[in-house]
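S.K.: Contents of final07.cif (mmCIF, C-alpha atoms):
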```
data_final
loop_
_atom_site.label_atom_id
_atom_site.label_comp_id
_atom_site.auth_asym_id
_atom_site.auth_seq_id
_atom_site.Cartn_x
_atom_site.Cartn_y
_atom_site.Cartn_z
CA MET A 15 -20.19 16.71 -2.39
CA ARG A 16 -19.26 16.58 1.32
CA VAL A 17 -17.19 19.43 2.72
CA LEU A 18 -14.89 18.23 5.49
CA GLY A 19 -12.96 21.21 6.82
CA GLU A 20 -9.86 21.52 4.69
CA LEU A 21 -10.70 18.28 2.91
CA ARG A 22 -13.20 17.82 0.13
CA THR A 23 -14.48 14.44 -0.94
CA ALA A 24 -15.95 14.66 -4.42
CA PRO A 25 -17.15 12.21 -7.08
CA PHE A 26 -14.80 11.23 -9.87
CA GLY A 27 -17.38 11.46 -12.63
CA GLU A 28 -19.73 8.66 -11.66
CA LEU A 29 -16.91 6.31 -10.78
CA MET A 30 -14.61 7.06 -7.87
CA ARG A 31 -14.65 9.44 -4.93
CA GLN A 32 -11.60 11.62 -4.44
CA VAL A 33 -9.88 13.45 -1.63
CA SER A 34 -8.95 16.90 -2.93
CA ILE A 35 -6.35 18.81 -0.95
CA GLY A 36 -3.34 21.03 -1.56
CA GLY A 37 -3.89 20.95 -5.30
CA ALA A 38 -3.88 17.15 -5.35
CA HIS A 39 -6.93 15.13 -6.38
CA VAL A 40 -6.52 11.55 -5.23
CA SER A 41 -8.93 8.63 -5.57
CA VAL A 42 -9.89 7.17 -2.19
CA VAL A 43 -8.91 3.73 -3.45
CA GLY A 44 -5.60 3.61 -5.25
CA LEU A 45 -3.49 0.81 -6.67
CA GLY A 46 -0.39 -0.48 -4.89
CA THR A 47 2.09 -2.13 -7.25
CA TRP A 48 4.63 -3.79 -4.95
CA GLN A 49 3.72 -7.09 -6.63
CA PHE A 50 4.60 -5.79 -10.12
CA GLY A 51 7.98 -7.28 -11.02
CA SER A 52 8.71 -8.46 -7.48
CA PRO A 53 9.74 -12.15 -7.40
CA GLU A 54 8.79 -12.59 -3.73
CA TRP A 55 5.10 -12.52 -4.66
CA GLY A 56 5.61 -15.38 -7.12
CA TYR A 57 3.19 -14.08 -9.76
CA GLY A 58 5.63 -14.66 -12.61
CA ARG A 59 6.58 -12.92 -15.83
CA GLU A 60 3.23 -13.54 -17.53
CA TYR A 61 1.55 -11.51 -14.79
CA ASP A 62 4.07 -8.70 -15.27
CA ASP A 63 3.71 -8.66 -19.03
CA ARG A 64 -0.06 -9.03 -19.35
CA GLU A 65 -2.11 -8.96 -16.16
CA ALA A 66 -0.35 -5.94 -14.67
CA ARG A 67 -1.08 -3.82 -17.74
CA ALA A 68 -4.72 -4.93 -17.72
CA ILE A 69 -5.01 -4.05 -14.02
CA VAL A 70 -3.61 -0.53 -14.53
CA GLU A 71 -5.81 0.12 -17.56
CA ARG A 72 -8.94 -1.08 -15.76
CA ALA A 73 -8.02 1.02 -12.71
CA LEU A 74 -7.94 4.14 -14.87
CA ASP A 75 -11.22 3.15 -16.52
CA LEU A 76 -12.84 3.02 -13.07
CA GLY A 77 -11.47 6.39 -11.96
CA VAL A 78 -8.62 5.07 -9.82
CA ASN A 79 -5.91 7.65 -10.36
CA LEU A 80 -3.50 7.00 -7.45
CA ILE A 81 -0.92 4.54 -8.78
CA ASP A 82 1.80 3.88 -6.22
CA THR A 83 5.16 2.22 -6.83
CA ALA A 84 8.76 2.48 -5.58
CA GLU A 85 12.26 2.21 -6.97
CA ILE A 86 12.95 -0.79 -4.71
CA TYR A 87 9.96 -2.83 -5.94
CA GLY A 88 11.51 -5.46 -8.16
CA PHE A 89 14.63 -3.24 -8.19
CA GLY A 90 13.04 -0.87 -10.70
CA ARG A 91 10.92 -3.39 -12.59
CA SER A 92 7.68 -2.21 -10.97
CA GLU A 93 8.33 1.35 -12.14
CA ARG A 94 9.03 0.12 -15.68
CA ILE A 95 5.87 -1.99 -15.75
CA VAL A 96 3.77 0.91 -14.44
CA GLY A 97 5.28 3.30 -16.97
CA ARG A 98 4.58 0.97 -19.89
CA ALA A 99 1.06 0.25 -18.64
CA LEU A 100 0.19 3.94 -18.34
CA GLY A 101 1.51 4.76 -21.78
CA ALA A 102 -0.56 7.44 -23.47
CA ARG A 103 -2.88 7.61 -20.43
CA ARG A 104 -0.22 9.07 -18.15
CA GLU A 105 -2.22 12.27 -17.58
CA GLU A 106 -5.09 10.27 -16.06
CA ALA A 107 -2.88 9.11 -13.20
CA PHE A 108 -1.69 10.68 -9.98
CA LEU A 109 1.65 8.88 -10.14
CA ALA A 110 3.49 8.19 -6.89
CA THR A 111 6.84 6.54 -6.31
CA LYS A 112 9.31 6.29 -3.46
CA ILE A 113 13.05 6.70 -2.97
CA LEU A 114 14.89 4.37 -0.59
CA PRO A 115 16.80 6.90 1.52
CA VAL A 116 20.26 5.32 1.37
CA LEU A 117 22.78 8.19 1.25
CA ALA A 118 19.88 10.54 0.54
CA VAL A 119 21.96 13.68 0.01
CA SER A 120 21.29 16.27 -2.67
CA ARG A 121 23.09 14.92 -5.74
CA VAL A 122 22.16 11.32 -4.98
CA VAL A 123 18.47 12.18 -4.56
CA GLU A 124 18.45 14.05 -7.88
CA TRP A 125 20.20 11.15 -9.61
CA ARG A 126 17.78 8.59 -8.15
CA ALA A 127 14.77 10.73 -9.08
CA ALA A 128 16.09 10.90 -12.64
CA GLY A 129 16.23 7.09 -12.66
CA SER A 130 12.62 6.81 -11.52
CA LEU A 131 11.49 9.35 -14.12
CA ARG A 132 13.27 7.39 -16.83
CA ARG A 133 11.83 4.05 -15.76
CA LEU A 134 8.32 5.51 -15.46
CA GLY A 135 8.62 7.18 -18.86
CA THR A 136 7.43 10.55 -17.58
CA ASP A 137 8.75 14.07 -17.04
CA ARG A 138 7.27 14.48 -13.56
CA ILE A 139 6.35 12.50 -10.47
CA ASP A 140 3.11 13.65 -8.85
CA LEU A 141 4.09 12.38 -5.39
CA TYR A 142 7.72 11.64 -4.54
CA GLN A 143 8.04 9.92 -1.17
CA LEU A 144 10.84 9.04 1.23
CA HIS A 145 10.31 5.30 1.68
CA GLN A 146 11.76 4.96 5.19
CA PRO A 147 13.31 7.20 7.83
CA ASN A 148 17.09 7.38 7.79
CA PRO A 149 18.32 9.06 11.00
CA ALA A 150 21.91 8.92 9.70
CA VAL A 151 21.20 11.57 7.06
CA PRO A 152 19.90 14.98 8.18
CA LEU A 153 16.49 15.77 6.72
CA SER A 154 17.80 19.20 5.75
CA MET A 155 20.12 17.55 3.20
CA THR A 156 17.39 15.32 1.78
CA MET A 157 14.60 17.87 1.65
CA SER A 158 16.78 20.50 0.00
CA ALA A 159 17.03 18.10 -2.94
CA PHE A 160 13.25 17.65 -2.87
CA ARG A 161 12.84 21.42 -3.02
CA LYS A 162 15.07 21.62 -6.08
CA LEU A 163 13.15 18.80 -7.78
CA ALA A 164 9.87 20.60 -7.04
CA ASP A 165 11.18 23.95 -8.25
CA ASP A 166 12.37 22.31 -11.48
CA GLY A 167 8.96 20.69 -12.00
CA ARG A 168 10.29 17.16 -11.76
CA ILE A 169 8.08 16.44 -8.73
CA VAL A 170 4.76 18.04 -7.84
CA HIS A 171 4.26 16.97 -4.21
CA ALA A 172 6.55 15.53 -1.54
CA GLY A 173 5.53 12.71 0.78
CA VAL A 174 6.99 10.40 3.39
CA SER A 175 6.39 6.79 4.32
CA ASN A 176 6.64 4.95 7.64
CA TYR A 177 7.24 8.23 9.48
CA SER A 178 6.26 9.10 13.03
CA LEU A 179 4.36 12.33 13.52
CA ALA A 180 7.44 14.09 14.92
CA ARG A 181 9.55 13.08 11.95
CA TRP A 182 6.79 14.02 9.49
CA GLN A 183 6.72 17.47 11.08
CA SER A 184 10.51 17.66 10.90
CA ALA A 185 10.38 16.79 7.19
CA GLU A 186 7.92 19.63 6.63
CA ALA A 187 10.14 22.07 8.52
CA ALA A 188 13.17 21.02 6.46
CA TYR A 189 11.19 21.17 3.20
CA GLY A 190 9.75 24.59 3.98
CA ARG A 191 6.38 23.68 2.51
CA ALA A 192 3.68 21.03 2.91
CA VAL A 193 4.66 17.37 2.90
CA LEU A 194 1.37 16.14 1.47
CA SER A 195 1.17 12.59 2.76
CA ASN A 196 2.48 9.86 5.01
CA GLN A 197 2.17 6.31 3.69
CA VAL A 198 1.88 3.89 6.60
CA ARG A 199 0.67 0.41 7.41
CA TYR A 200 -2.94 0.80 8.55
CA ASN A 201 -5.69 -1.78 8.82
CA LEU A 202 -8.04 -3.36 11.36
CA LEU A 203 -5.13 -5.28 12.89
CA ASP A 204 -2.67 -2.38 12.97
CA ARG A 205 -4.22 0.92 14.08
CA ARG A 206 -1.11 2.74 15.24
CA PRO A 207 -1.74 5.67 12.83
CA GLU A 208 -4.81 6.55 14.90
CA ARG A 209 -2.66 7.53 17.89
CA GLU A 210 -1.31 10.74 16.35
CA LEU A 211 -1.16 10.76 12.57
CA LEU A 212 -4.82 10.84 11.58
CA ALA A 213 -5.93 13.78 13.71
CA TRP A 214 -2.89 15.90 12.83
CA ALA A 215 -3.26 15.12 9.13
CA ARG A 216 -6.95 15.99 9.21
CA ASP A 217 -6.33 19.26 11.06
CA ARG A 218 -3.47 20.30 8.81
CA GLY A 219 -5.00 19.21 5.52
CA ARG A 220 -2.70 16.25 4.87
CA ILE A 221 -3.39 12.73 3.65
CA VAL A 222 -2.68 9.37 5.28
CA ILE A 223 -2.11 6.68 2.66
CA ALA A 224 -2.86 3.24 4.06
CA TYR A 225 -0.75 0.42 2.69
CA SER A 226 -1.49 -3.22 3.48
CA PRO A 227 -5.14 -2.20 4.12
CA VAL A 228 -6.30 -5.84 4.22
CA ALA A 229 -3.11 -7.03 5.97
CA GLN A 230 -1.69 -8.69 2.83
CA GLY A 231 -4.90 -10.71 2.48
CA LEU A 232 -5.17 -11.81 6.11
CA LEU A 233 -8.45 -9.87 6.42
CA SER A 234 -9.87 -11.42 3.26
CA GLY A 235 -11.11 -14.42 5.24
CA ARG A 236 -9.59 -16.83 2.73
CA TYR A 237 -7.03 -18.31 5.09
CA ASP A 238 -7.34 -20.46 8.19
CA ALA A 239 -5.66 -23.51 9.68
CA ASP A 240 -7.27 -25.72 7.03
CA HIS A 241 -6.55 -23.31 4.17
CA PRO A 242 -2.97 -22.05 4.61
CA PRO A 243 -1.55 -19.57 2.12
CA ARG A 244 0.82 -20.43 -0.68
CA GLY A 245 3.72 -18.40 -2.02
CA THR A 246 6.81 -17.17 -0.25
CA MET A 247 5.37 -13.85 0.96
CA ARG A 248 2.60 -15.36 3.06
CA ALA A 249 3.61 -18.95 3.76
CA GLY A 250 6.76 -17.87 5.57
CA SER A 251 5.06 -15.14 7.59
CA ALA A 252 4.12 -15.55 11.24
CA ALA A 253 0.99 -13.50 10.50
CA PHE A 254 -0.40 -16.46 8.53
CA SER A 255 0.62 -19.15 11.02
CA GLY A 256 -2.06 -21.25 12.65
CA GLU A 257 -1.30 -19.68 16.01
CA HIS A 258 -1.87 -16.16 14.71
CA LEU A 259 -4.88 -17.05 12.60
CA GLU A 260 -6.63 -18.18 15.80
CA ARG A 261 -6.08 -14.70 17.25
CA VAL A 262 -7.50 -13.06 14.14
CA THR A 263 -10.60 -15.27 13.96
CA PRO A 264 -12.84 -13.03 16.15
CA VAL A 265 -12.10 -10.05 13.89
CA LEU A 266 -12.83 -12.15 10.81
CA ASP A 267 -16.12 -13.31 12.34
CA VAL A 268 -17.34 -9.71 12.62
CA LEU A 269 -16.04 -8.89 9.14
CA ARG A 270 -18.01 -11.82 7.72
CA GLU A 271 -21.15 -10.79 9.59
CA VAL A 272 -21.00 -7.21 8.29
CA ALA A 273 -20.04 -8.44 4.82
CA ALA A 274 -23.14 -10.64 4.67
CA ALA A 275 -25.35 -7.62 5.47
CA HIS A 276 -23.86 -5.72 2.52
CA ALA A 277 -23.55 -8.65 0.07
CA ALA A 278 -19.83 -7.93 0.13
CA THR A 279 -16.59 -9.72 0.97
CA PRO A 280 -14.64 -9.39 4.22
CA ALA A 281 -11.84 -7.65 2.30
CA GLN A 282 -14.28 -5.06 0.96
CA ILE A 283 -15.61 -4.39 4.45
CA ALA A 284 -12.06 -4.02 5.79
CA LEU A 285 -11.46 -1.37 3.10
CA ALA A 286 -14.77 0.35 3.80
CA TRP A 287 -13.84 0.55 7.49
CA LEU A 288 -10.59 2.31 6.60
CA LEU A 289 -12.30 4.76 4.25
CA HIS A 290 -14.57 5.84 7.09
CA GLY A 291 -11.81 8.37 7.83
CA SER A 292 -12.18 11.51 5.72
CA ASN A 293 -8.47 11.99 5.02
CA VAL A 294 -7.49 8.35 4.52
CA VAL A 295 -6.91 6.75 1.14
CA ALA A 296 -6.02 3.09 0.66
CA ILE A 297 -3.67 1.44 -1.82
CA PRO A 298 -4.51 -2.28 -1.92
CA GLY A 299 -2.67 -4.43 -4.41
CA ALA A 300 -4.48 -6.56 -6.95
CA SER A 301 -3.55 -9.96 -8.33
CA SER A 302 -6.21 -9.73 -11.05
CA VAL A 303 -8.62 -7.34 -12.72
CA ALA A 304 -11.44 -8.95 -10.75
CA GLN A 305 -9.71 -8.20 -7.45
CA LEU A 306 -9.12 -4.61 -8.54
CA GLU A 307 -12.82 -4.23 -9.35
CA ALA A 308 -13.75 -5.63 -5.93
CA ASN A 309 -11.43 -3.10 -4.27
CA VAL A 310 -13.05 -0.26 -6.19
CA GLU A 311 -16.54 -1.42 -5.21
CA ALA A 312 -15.53 -1.13 -1.55
CA ALA A 313 -15.44 2.66 -1.93
CA ASP A 314 -19.22 2.65 -2.38
CA ILE A 315 -19.95 0.69 0.80
CA VAL A 316 -21.27 2.93 3.57
CA LEU A 317 -21.07 1.26 6.95
CA ARG A 318 -23.70 1.98 9.57
CA GLU A 319 -22.27 3.50 12.73
CA ASP A 320 -23.02 0.35 14.74
CA GLU A 321 -21.19 -1.75 12.14
CA TYR A 322 -18.18 0.54 12.25
CA LEU A 323 -18.13 0.42 16.04
CA ALA A 324 -18.51 -3.39 16.10
CA LEU A 325 -15.52 -3.78 13.79
CA SER A 326 -13.49 -1.32 15.85
CA ALA A 327 -14.39 -3.15 19.08
CA ALA A 328 -13.32 -6.50 17.60
CA SER A 329 -10.07 -4.87 16.55
CA ASP A 330 -9.57 -3.47 20.06
CA ARG A 331 -9.80 -7.00 21.49
CA TYR A 332 -7.25 -8.42 19.05
CA ARG A 333 -3.78 -9.14 20.43
CA PRO A 334 -0.92 -9.78 17.99
CA LEU A 335 1.92 -12.21 18.54
CA ASP A 336 4.77 -10.67 20.47
CA ARG A 337 7.84 -9.89 18.39
CA SER A 338 10.06 -12.72 19.64
CA ARG A 339 7.35 -15.33 19.03
CA ALA A 340 6.63 -13.96 15.55
CA LEU A 341 10.32 -14.07 14.63
CA ALA A 342 10.63 -17.65 15.86
CA ILE A 343 7.61 -18.79 13.84
CA SER A 344 8.83 -17.02 10.70
CA ALA A 345 12.31 -18.55 11.02
CA THR A 346 10.88 -22.04 11.49
CA SER A 347 8.53 -21.61 8.51
CA ARG A 348 11.28 -20.39 6.22
CA ILE A 349 13.65 -23.17 7.20
CA GLY A 350 10.90 -25.71 6.60
CA SER A 351 10.08 -24.19 3.22
CA LEU A 352 13.74 -24.18 2.18
CA THR A 353 14.17 -27.79 3.30
CA SER A 354 11.13 -28.86 1.27
CA ARG A 355 12.43 -27.14 -1.87
CA LEU A 356 15.85 -28.74 -1.48
CA ARG A 357 14.23 -32.16 -1.09
CA GLU A 358 12.14 -31.59 -4.20
CA ARG A 359 15.20 -30.59 -6.19
CA GLY A 360 17.11 -33.61 -4.88
CA ALA A 361 14.26 -35.95 -5.81
CA GLY A 362 14.13 -34.43 -9.29
CA ALA A 363 17.86 -34.81 -9.81
CA SER A 364 17.78 -38.48 -8.72
CA ARG A 365 15.06 -39.50 -11.18
CA PRO A 366 16.46 -41.62 -14.04
CA ALA A 367 16.41 -39.98 -17.46
CA ARG A 368 13.88 -41.33 -19.94
#
```
I need this file expressed as structure tokens, please.
M.R.:
Amino acid sequence: MRVLGELRTAPFGELMRQVSIGGAHVSVVGLGTWQFGSPEWGYGREYDDREARAIVERALDLGVNLIDTAEIYGFGRSERIVGRALGARREEAFLATKILPVLAVSRVVEWRAAGSLRRLGTDRIDLYQLHQPNPAVPLSMTMSAFRKLADDGRIVHAGVSNYSLARWQSAEAAYGRAVLSNQVRYNLLDRRPERELLAWARDRGRIVIAYSPVAQGLLSGRYDADHPPRGTMRAGSAAFSGEHLERVTPVLDVLREVAAAHAATPAQIALAWLLHGSNVVAIPGASSVAQLEANVEAADIVLREDEYLALSAASDRYRPLDRSRALAISATSRIGSLTSRLRERGAGASRPAR
């Protein structure tokens, strides 16, 4: 066991390391379930009915206890799928969900929490998170509802998502107790959490939950100009355009080099780089049981210091597309995709019946 100030990283049996803090015991690799029930990923109903359950069950088998969902994922379908998949194994999970803070005042928050509890089939949420900031609603109104939910035992811990450090601190002040975590985008191509969040979280005994830890697959090394992605989530994104893939190539080259030294994949090395931080946990998604198992194996990869520094240096040299260029590429891609689908439908309708 390694003692890290206020944080303790301990083995989960022989299976999965945990970060233990504030009464929470969270596996360093969790399972993000945005793709469960969400049509934009294009996985289909068979995935929701069969593969998703198998992924959750295998995650628990391997000691992954952090299962993260949100009321907005599939407009509640993700929560239902997660709840059914957990079933009698609910107590093995550290179950996290998120509320979209639209009109997040006391009665509305309680009503929405009741909806999540019902869909998840549980009497408590281990980590209830504000999904986005909403400057139009005072945090005092929102966090007073969180306090009531905690006092009633309907939630165990409060968290936030996509919050700046100042707003995270404001949420804590309004809550009057610890806000355990901040779930933010964090990966080799987006290191903004390192500016303020990581050090403060480490010093105060809080957790940073990294979503999109392999940049929605961009750091997997599977995609390039000759191997473009399929599916609406990636194909229409400027991040997967040929222009952007060229900018990412130097980072991928270092990932592949380090991966070869560890007999691992670039995605696993990207996860291992993230887990180098003592108070960071990652919640990659998984399209299959095999991908889940690969994510879990990444927790056992220990990077040498020179490897970690080489990856960080490659990341430092990376320059993303500017916002206006990214928006233009995305708009062009989506228009092209829509045009292609309309042509396909038109061709199908014009075929003579047999």
S.K.: Let me know the residues the PyMOL selection byres ((chain A and resi 297) around 9) catches in the file above, as a list in words.
M.R.: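 That selection, the PyMOL selection byres ((chain A and resi 297) around 9), comes back as Val42, Val43, Gly44, Leu45, Gly46, Thr47, Leu80, Ile81, Asp82, Ile223, Ala224, Tyr225, Ser226, Pro227, Val295, Ala296, Pro298 and Gly299 of chain A.
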S.K.: How many Å lie between atom CA of A:Val262 and atom CA of A:Tyr332, rounded to one decimal?
M.R.: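 Separation of atom CA of A:Val262 and atom CA of A:Tyr332: 6.8 Å.
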S.K.: Tell me which residues the PyMOL selection byres ((chain A and resi 174-188) around 8) grabs here, as a list in words.
M.R.: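 For this structure, the PyMOL selection byres ((chain A and resi 174-188) around 8) resolves to Gln143, Leu144, His145, Gln146, Pro147, Leu153, Ser154, Met157, Ser158, Ala172, Gly173, Tyr189, Gly190, Arg191, Ala192, Val193, Ser195, Asn196, Gln197, Val198, Arg199, Glu210 and Leu211 of chain A.
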S.K.: What is the distance between atom CA of A:Pro53 and atom CA of A:Val40, in Å to one decimal?
M.R.: 28.8 Å
S.K.: Considering only C-alpha atoms, can you say which of A:Ala324, A:Gln282, A:Val294, A:Gly235 comes closest to A:Val268?
M.R.: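 Of all the options, A:Ala324 lies closest to A:Val268.
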S.K.: Need to verify the contact set: A:Ser92, 6 Å, only C-alpha atoms, exclusion of same-chain residues closer than 4 positions in sequence. Can you return it as a list in words?
M.R.: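 So, after excluding close chain neighbours, the residues are Phe50, Gly51, Tyr87 and Gly88 of chain A.
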S.K.: What would the file look like if the residues just selected were written as a tab-separated table (two decimals), in the coordinates of the input with C-alpha atoms?
M.R.:
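So part_8.tsv came out as:
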```
chain	number	residue	atom	x	y	z
A	50	PHE	CA	4.60	-5.79	-10.12
A	51	GLY	CA	7.98	-7.28	-11.02
A	87	TYR	CA	9.96	-2.83	-5.94
A	88	GLY	CA	11.51	-5.46	-8.16
```
